[in-house]
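First the structure, in the form of structure tokens, and then the observations on it.
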Amino acid sequence: MHHLDNGTYFTPLDDDALRDLYRGPADLETPWVRSNFVASIDGAVSANGTSGGLGTPADRRLFTILRELADVVLVGAGTVRAENYGGARTGDDARTRRRGRGQSDTPPIAVVTAGANLDPGSRLLTDTVVAPLILTCAAAPAARKDALAAAGARVFEIGDDAVPSRAILDTLGGLGLHRVLCEGGPALFGQLLGDDAVDELCLTTAPMLVAGAAGRIATSPRAVATPMRRAHLLGDDDGTVLTRWVRERPR
């Protein structure tokens, strides 16, 4: 993987250099939302029904590094079901680096689900080393919430009949989870964009065309123009392009 600027390739980047590029702001007092997506050249967010169908070695490498840097992984329930999410995993070296940064050994998965519509027997709860956080609302069926709690999840009612973006960030911030890595899906990303709650986007362009009816990385009832600044652009020998876009805003 190489740093690309004005068409010129620089020295290949090792994992430490990538961590430095993606480290993000220091001394956060409020949540910083980083979204991570992969898309095809023609804009498809999935191939054969999952984002994994677009994966490349460079994208998987970055995926692991972004999770290591995160305090929490935020995801919508539909993506959890479609991608068969389990808990995050960190190796010995990653745990040592996280401890050095004052982080927990492994970031929890936080799932946004207005209806608490998750299987208590899914990998999210059975294949994890840290309890997932379920961000739901009062209107969700009590039996579902009770079943998730009984399976080991931490359940938070943070809305009446929906899960507002501000409540998501306030809840995560109250838990000391400031480095938020949003892994989708498109509806959750669109909601966060619409509510002015996205600070940066890490976008991988996979070197393939997909066509079909796959959606975009963000969907919402209305368009939301959100200017971003390119922080960097990286290229891999197989054609994968990794970009990081940051929104400038006062903190």
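Every chain in the structure tokens has a letter given in the order shown (A, B, ...), and although residue numbers restart at 1 in each chain, ligands are simply numbered from 1 in the order shown.
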
* **Distance query Trp245 of chain A at most 6 Å, only C-alpha atoms, self and fewer than 4 positions along chain excluded, as a PyMOL selection string** => chain A and resi 200-201+228-231

Filtering to N, CA, C and O atoms, could you give me those residues as a PDB file, in the first residue's frame?
```pdb
ATOM      1  N   GLU A 200     -16.070  12.025   9.884  1.00  0.00           N
ATOM      2  CA  GLU A 200     -15.185  11.607   8.803  1.00  0.00           C
ATOM      3  C   GLU A 200     -15.704  10.334   8.144  1.00  0.00           C
ATOM      4  O   GLU A 200     -16.506   9.596   8.718  1.00  0.00           O
ATOM      5  N   LEU A 201     -15.216  10.120   6.924  1.00  0.00           N
ATOM      6  CA  LEU A 201     -15.549   8.923   6.161  1.00  0.00           C
ATOM      7  C   LEU A 201     -14.263   8.291   5.647  1.00  0.00           C
ATOM      8  O   LEU A 201     -13.439   8.967   5.031  1.00  0.00           O
ATOM      9  N   MET A 228     -16.718  17.874   2.571  1.00  0.00           N
ATOM     10  CA  MET A 228     -15.660  17.168   3.276  1.00  0.00           C
ATOM     11  C   MET A 228     -14.305  17.564   2.674  1.00  0.00           C
ATOM     12  O   MET A 228     -14.214  17.949   1.511  1.00  0.00           O
ATOM     13  N   ARG A 229     -13.273  17.426   3.493  1.00  0.00           N
ATOM     14  CA  ARG A 229     -11.903  17.687   3.040  1.00  0.00           C
ATOM     15  C   ARG A 229     -11.155  16.364   2.919  1.00  0.00           C
ATOM     16  O   ARG A 229     -11.207  15.542   3.815  1.00  0.00           O
ATOM     17  N   ARG A 230     -10.455  16.156   1.802  1.00  0.00           N
ATOM     18  CA  ARG A 230      -9.668  14.941   1.655  1.00  0.00           C
ATOM     19  C   ARG A 230      -8.456  15.000   2.574  1.00  0.00           C
ATOM     20  O   ARG A 230      -7.616  15.891   2.471  1.00  0.00           O
ATOM     21  N   ALA A 231      -8.357  14.036   3.479  1.00  0.00           N
ATOM     22  CA  ALA A 231      -7.206  13.961   4.380  1.00  0.00           C
ATOM     23  C   ALA A 231      -6.053  13.215   3.734  1.00  0.00           C
ATOM     24  O   ALA A 231      -4.896  13.611   3.858  1.00  0.00           O
TER      25      ALA A 231
END
```

* Leaving out Pro120 of chain A and any residue of its chain fewer than 4 positions from it, which residues lie within 8 Å of it when counting only C-alpha atoms, given as a ChimeraX atom specification? -> /A:125,147-148,151

* Among the residues of segment 115-187 of chain A, find those DSSP assigns to helix (DSSP H, G or I) from the backbone and print them as a ChimeraX atom specification. => /A:123-126,142-150,165-174,186-187

* From the set A:Asn117, A:Gly53, A:Gly235, A:Asp195, which residue has the shortest atom-to-atom contact distance to Leu169 of chain A, counting only C-alpha atoms? ->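 Result for the nearest residue to Leu169 of chain A: A:Asp195.
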
* Determine, counting only C-alpha atoms, which protein, DNA and RNA residues have an atom within 12 Å of an atom of Ala214 of chain A; residues of the same chain fewer than 6 positions away are not included. Present the result as an MDAnalysis selection string. => chainID A and resid 39:40 42:51 53:54 186

Kindly save the residues from that selection, with all heavy atoms included, as a CSV table (one decimal), in the first residue's frame.
```csv
chain,number,residue,atom,x,y,z
A,39,ALA,N,-17.0,0.3,-1.5
A,39,ALA,CA,-17.9,0.4,-2.6
A,39,ALA,C,-17.1,0.0,-3.9
A,39,ALA,O,-15.9,0.1,-3.9
A,39,ALA,CB,-18.5,1.8,-2.8
A,40,SER,N,-17.9,-0.4,-4.9
A,40,SER,CA,-17.3,-0.7,-6.2
A,40,SER,C,-17.0,0.5,-6.9
A,40,SER,O,-17.5,1.6,-6.5
A,40,SER,CB,-18.2,-1.7,-7.0
A,40,SER,OG,-19.4,-1.0,-7.3
A,42,ASP,N,-18.4,1.4,-9.6
A,42,ASP,CA,-19.7,2.0,-10.0
A,42,ASP,C,-20.6,2.3,-8.9
A,42,ASP,O,-21.8,2.5,-9.1
A,42,ASP,CB,-20.4,1.1,-11.1
A,42,ASP,CG,-20.5,-0.4,-10.6
A,42,ASP,OD1,-19.8,-0.8,-9.7
A,42,ASP,OD2,-21.4,-1.1,-11.2
A,43,GLY,N,-20.1,2.3,-7.7
A,43,GLY,CA,-20.9,2.8,-6.5
A,43,GLY,C,-21.7,1.8,-5.8
A,43,GLY,O,-22.5,2.2,-4.8
A,44,ALA,N,-21.6,0.5,-6.1
A,44,ALA,CA,-22.3,-0.5,-5.3
A,44,ALA,C,-21.8,-0.7,-3.9
A,44,ALA,O,-20.5,-0.8,-3.8
A,44,ALA,CB,-22.3,-1.8,-6.1
A,45,VAL,N,-22.6,-0.8,-3.0
A,45,VAL,CA,-22.2,-1.0,-1.6
A,45,VAL,C,-22.0,-2.5,-1.2
A,45,VAL,O,-21.5,-2.8,-0.1
A,45,VAL,CB,-23.1,-0.3,-0.6
A,45,VAL,CG1,-24.4,-1.0,-0.5
A,45,VAL,CG2,-22.5,0.0,0.7
A,46,SER,N,-22.5,-3.3,-2.1
A,46,SER,CA,-22.4,-4.8,-1.8
A,46,SER,C,-22.3,-5.5,-3.2
A,46,SER,O,-22.6,-5.0,-4.2
A,46,SER,CB,-23.6,-5.3,-1.0
A,46,SER,OG,-24.8,-5.1,-1.8
A,47,ALA,N,-21.8,-6.8,-3.1
A,47,ALA,CA,-21.7,-7.7,-4.2
A,47,ALA,C,-22.2,-9.0,-3.7
A,47,ALA,O,-21.8,-9.5,-2.6
A,47,ALA,CB,-20.3,-7.8,-4.7
A,48,ASN,N,-23.2,-9.6,-4.4
A,48,ASN,CA,-23.8,-10.8,-3.9
A,48,ASN,C,-24.4,-10.7,-2.5
A,48,ASN,O,-24.4,-11.6,-1.7
A,48,ASN,CB,-22.8,-12.0,-3.9
A,48,ASN,CG,-22.3,-12.3,-5.3
A,48,ASN,OD1,-23.0,-12.3,-6.3
A,48,ASN,ND2,-21.0,-12.5,-5.4
A,49,GLY,N,-24.9,-9.5,-2.2
A,49,GLY,CA,-25.7,-9.3,-1.0
A,49,GLY,C,-24.9,-8.8,0.2
A,49,GLY,O,-25.5,-8.5,1.2
A,50,THR,N,-23.6,-8.8,0.2
A,50,THR,CA,-22.8,-8.4,1.4
A,50,THR,C,-21.6,-7.5,0.9
A,50,THR,O,-21.1,-7.6,-0.2
A,50,THR,CB,-22.2,-9.6,2.1
A,50,THR,OG1,-21.2,-10.3,1.4
A,50,THR,CG2,-23.3,-10.6,2.5
A,51,SER,N,-21.2,-6.7,1.9
A,51,SER,CA,-20.0,-5.9,1.6
A,51,SER,C,-18.8,-6.7,1.5
A,51,SER,O,-17.8,-6.3,0.8
A,51,SER,CB,-19.9,-4.8,2.7
A,51,SER,OG,-19.6,-5.4,3.9
A,53,GLY,N,-18.3,-9.2,-0.3
A,53,GLY,CA,-18.1,-9.5,-1.7
A,53,GLY,C,-17.2,-8.5,-2.4
A,53,GLY,O,-16.7,-8.8,-3.5
A,54,LEU,N,-17.0,-7.3,-1.8
A,54,LEU,CA,-16.1,-6.3,-2.4
A,54,LEU,C,-14.8,-6.2,-1.7
A,54,LEU,O,-13.9,-5.4,-2.1
A,54,LEU,CB,-16.8,-4.9,-2.2
A,54,LEU,CG,-18.1,-4.7,-2.9
A,54,LEU,CD1,-18.8,-3.4,-2.5
A,54,LEU,CD2,-18.0,-4.8,-4.4
A,186,PRO,N,-26.3,1.6,5.2
A,186,PRO,CA,-26.5,2.9,4.5
A,186,PRO,C,-27.6,3.7,5.2
A,186,PRO,O,-27.5,5.0,5.2
A,186,PRO,CB,-27.0,2.4,3.1
A,186,PRO,CG,-26.2,1.1,2.9
A,186,PRO,CD,-26.3,0.5,4.3
```

* Structure fact -> Judged by only C-alpha atoms, the minimum distance to Arg123 of chain A among A:Gln103, A:Gly152, A:Ala140, A:Arg98 is found for A:Gly152

* Nearest to Gly185 of chain A among A:Ala143, A:Ile217, A:Leu62, A:Val111, with distances taken over only C-alpha atoms: which residue is it? ->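 Closest to Gly185 of chain A, using only C-alpha atoms: A:Ile217.
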
* Asked: Residues at most 10 Å from Gly76 of chain A, counting only C-alpha atoms, excluding those fewer than 6 positions away in the same chain, as a PyMOL selection string?
  -> chain A and resi 110-114+134-135+182-189

What lies within 7 Å of Val241 of chain A using only C-alpha atoms, ignoring chain neighbours under 4 positions off, as a compact mmCIF listing (two decimals) with all heavy atoms, in the first residue's frame?
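The resulting selection.txt:
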```txt
# COMPACT_ATOMS: atom_id res chain seq x y z
N THR A 204 -13.26 2.87 0.92
CA THR A 204 -12.48 2.02 0.04
C THR A 204 -13.21 1.86 -1.28
O THR A 204 -14.40 1.54 -1.29
CB THR A 204 -12.27 0.63 0.66
OG1 THR A 204 -11.54 0.75 1.88
CG2 THR A 204 -11.52 -0.29 -0.29
N THR A 205 -12.50 2.10 -2.38
CA THR A 205 -13.05 1.80 -3.70
C THR A 205 -12.41 0.51 -4.18
O THR A 205 -11.19 0.45 -4.39
CB THR A 205 -12.78 2.93 -4.71
OG1 THR A 205 -13.36 4.14 -4.21
CG2 THR A 205 -13.39 2.60 -6.06
N ALA A 206 -13.23 -0.53 -4.30
CA ALA A 206 -12.73 -1.83 -4.74
C ALA A 206 -12.58 -1.83 -6.27
O ALA A 206 -13.42 -1.25 -6.97
CB ALA A 206 -13.70 -2.93 -4.32
N LEU A 234 -4.75 6.65 -0.56
CA LEU A 234 -3.78 5.55 -0.60
C LEU A 234 -4.14 4.60 -1.72
O LEU A 234 -5.32 4.36 -1.99
CB LEU A 234 -3.75 4.79 0.73
CG LEU A 234 -3.63 5.61 2.01
CD1 LEU A 234 -3.73 4.69 3.23
CD2 LEU A 234 -2.33 6.38 2.05
N GLY A 235 -3.13 4.04 -2.36
CA GLY A 235 -3.39 3.09 -3.43
C GLY A 235 -2.64 1.79 -3.21
O GLY A 235 -1.49 1.81 -2.76
N ASP A 236 -3.30 0.66 -3.50
CA ASP A 236 -2.66 -0.64 -3.43
C ASP A 236 -2.35 -1.12 -4.84
O ASP A 236 -2.98 -0.70 -5.81
CB ASP A 236 -3.57 -1.64 -2.70
CG ASP A 236 -2.79 -2.86 -2.21
OD1 ASP A 236 -1.56 -2.76 -2.06
OD2 ASP A 236 -3.41 -3.90 -1.98
```

* Asked: Closest to Leu203 of chain A among A:Val224, A:Leu18, A:Val130, A:Ile41, using only C-alpha atoms?
  ->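 Answer, going by the shortest atom-to-atom distance: A:Ile41.
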
* To do: Give the strand (DSSP E or B) residues of segment 2-243 of chain A, as DSSP finds them on the backbone, and put them as a PyMOL selection string.
  => chain A and resi 2-5+8-12+32-40+47+50+72-76+109-112+133-136+154-157+179-182+200-206+229-235+241-243

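When only C-alpha atoms are used to measure the gap to Asp237 of chain A, the shortest distance among A:Pro57, A:Gly159, A:Pro164, A:Gly115 belongs to A:Pro57.
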
* Asked: What lies within 10 Å of Phe63 of chain A using only C-alpha atoms, ignoring chain neighbours under 3 positions off, as a count of residues only?
  -> 14

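Here atom CA of Asn84 of chain A is placed at a distance of 10.7 Å from atom CA of Asp119 of chain A.
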
* Asked: Given the choices A:Pro141, A:Pro227, A:Gly91, A:Gly52, which gets closest to Thr79 of chain A if the distance is worked out from only C-alpha atoms?
  -> A:Gly52

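Proximity to Gly173 of chain A at 9 Å, evaluated using only C-alpha atoms and with sequence-adjacent residues fewer than 5 positions away removed, yields Glu29, Thr30, Pro31, Ile168 and His178 of chain A.
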